[in-house]
Amino acid sequence: MDKIWTDMYNAAKGVLKEHKLSDYATCGEVGAAVLSKSGRIYTGVCIDTCSTLGICAERNAIFNMITNGDYEIDKVLCIMPDGSNGAPCGACRELMVQIMAGHYKDIEIMLDYSQNKVVTLGELTPEWWIK
Ligand SMILES: [Zn+2]
């Protein structure tokens, strides 16, 4: 396994911290790390609210990347509450497709860190509406 996946795993684990923001919102049950094409790692946590105003950890990490002036995604990893990894949801896939139109299929996603199972976004979304 590339060392960068370990760095990303540790970065995502570092922000994983469940917290109750209020009676209506929680955060930190899922942590994500995104590696930009420039080689920097950005993290994010999920924010869950009772009225769909929250955000997935992956999109939060991508927004963090963009906020910091990095615009291209290379790799994505998230850690679920049970410690496993997961595929990005449809909304996160859609965002990646739209901001990386033309080359989103090369984005690598860690599906299972313990098994070193990596897939590309192109494998997850082979027939997306944007080519
Ligand atoms: Zn998502």
# chains A, B, ... in the order shown; residues from 1 in each chain; ligands from 1
>>> select_by_dssp(residues="range 2-122 of chain A", states="strand (DSSP E or B)", output="PyMOL selection string")
chain A and resi 19-22+25-36+41-49+55+73-79+108-112+117-120
>>> residues_near_ligand(ligand="ligand 1", cutoff="12 Å", atoms="only C-alpha atoms and all ligand atoms", output="ChimeraX atom specification")
/A:30-32,44-48,54-62,76-78,80,86-96
>>> atom_distance(atom1="CA of Tyr42 in chain A", atom2="CA of Ala11 in chain A")
8.1 Å
>>> closest_residue(among="A:Ile107, A:Ala33, A:Val118, A:Ile130", to="Ala12 in chain A", atoms="only C-alpha atoms")
A:Ala33
>>> residues_around(residues="Leu124 in chain A", least_positions_apart="2", cutoff="9 Å", atoms="only C-alpha atoms", output="ChimeraX atom specification")
/A:87,93,105,119-122,126
>>> write_last_selection(atoms="C-alpha atoms", output="mmCIF file, in the first residue's frame")
data_model
loop_
_atom_site.group_PDB
_atom_site.id
_atom_site.type_symbol
_atom_site.label_atom_id
_atom_site.label_comp_id
_atom_site.auth_asym_id
_atom_site.auth_seq_id
_atom_site.Cartn_x
_atom_site.Cartn_y
_atom_site.Cartn_z
ATOM 1 C CA ALA A 87 -17.883 4.355 -0.935
ATOM 2 C CA ARG A 93 -19.918 11.314 -6.438
ATOM 3 C CA LYS A 105 -12.827 8.662 -13.543
ATOM 4 C CA VAL A 119 -11.316 1.508 -6.849
ATOM 5 C CA THR A 120 -11.574 4.453 -9.204
ATOM 6 C CA LEU A 121 -14.551 6.767 -9.362
ATOM 7 C CA GLY A 122 -14.885 5.616 -12.973
ATOM 8 C CA PRO A 126 -19.093 4.212 -15.224
#
>>> closest_residue(among="A:Cys50, A:Leu35, A:Met110, A:Met8", to="Asp74 in chain A", atoms="only C-alpha atoms")
A:Leu35
>>> residues_around(residues="Ser36 in chain A", least_positions_apart="5", cutoff="7 Å", atoms="only C-alpha atoms", output="PyMOL selection string")
chain A and resi 41+70+72-74
>>> write_last_selection(atoms="N, CA and C atoms", output="tab-separated table (two decimals), in the first residue's frame")
chain	number	residue	atom	x	y	z
A	41	ILE	N	-3.11	16.95	1.84
A	41	ILE	CA	-4.25	16.22	2.40
A	41	ILE	C	-5.17	17.21	3.11
A	70	ASP	N	-6.85	24.69	-3.56
A	70	ASP	CA	-6.52	23.47	-4.30
A	70	ASP	C	-7.79	23.02	-5.00
A	72	GLU	N	-8.05	20.15	-7.54
A	72	GLU	CA	-8.15	18.86	-8.21
A	72	GLU	C	-7.96	17.72	-7.21
A	73	ILE	N	-8.88	16.76	-7.28
A	73	ILE	CA	-8.89	15.63	-6.35
A	73	ILE	C	-8.09	14.47	-6.94
A	74	ASP	N	-7.24	13.87	-6.12
A	74	ASP	CA	-6.50	12.69	-6.53
A	74	ASP	C	-7.06	11.43	-5.86
>>> closest_residue(among="A:Thr49, A:Asn68, A:Met100, A:Trp5", to="Leu21 in chain A", atoms="only C-alpha atoms")
A:Thr49
>>> atom_distance(atom1="CA of Val97 in chain A", atom2="CA of Met65 in chain A")
15.6 Å
>>> closest_residue(among="A:Lys20, A:Lys37, A:Asn85, A:Ile79", to="Asn116 in chain A", atoms="only C-alpha atoms")
A:Asn85
>>> select_by_dssp(residues="range 18-119 of chain A", states="alpha helix (DSSP H)", output="list of chain:residue names")
A:Ala57, A:Glu58, A:Arg59, A:Asn60, A:Ala61, A:Ile62, A:Phe63, A:Asn64, A:Met65, A:Ile66, A:Thr67, A:Gly90, A:Ala91, A:Cys92, A:Arg93, A:Glu94, A:Leu95, A:Met96, A:Val97, A:Gln98, A:Ile99
>>> residues_around(residues="Lys131 in chain A", least_positions_apart="4", cutoff="8 Å", atoms="only C-alpha atoms", output="list in words")
Ala101, Gly102 and Glu127 of chain A
>>> write_last_selection(atoms="C-alpha atoms", output="mmCIF file, in the first residue's frame")
data_model
loop_
_atom_site.group_PDB
_atom_site.id
_atom_site.type_symbol
_atom_site.label_atom_id
_atom_site.label_comp_id
_atom_site.auth_asym_id
_atom_site.auth_seq_id
_atom_site.Cartn_x
_atom_site.Cartn_y
_atom_site.Cartn_z
ATOM 1 C CA ALA A 101 -15.415 16.786 -15.353
ATOM 2 C CA GLY A 102 -13.358 15.078 -18.037
ATOM 3 C CA GLU A 127 -22.063 5.775 -16.981
#
>>> atom_distance(atom1="CA of Lys3 in chain A", atom2="CA of Leu16 in chain A")
20.1 Å
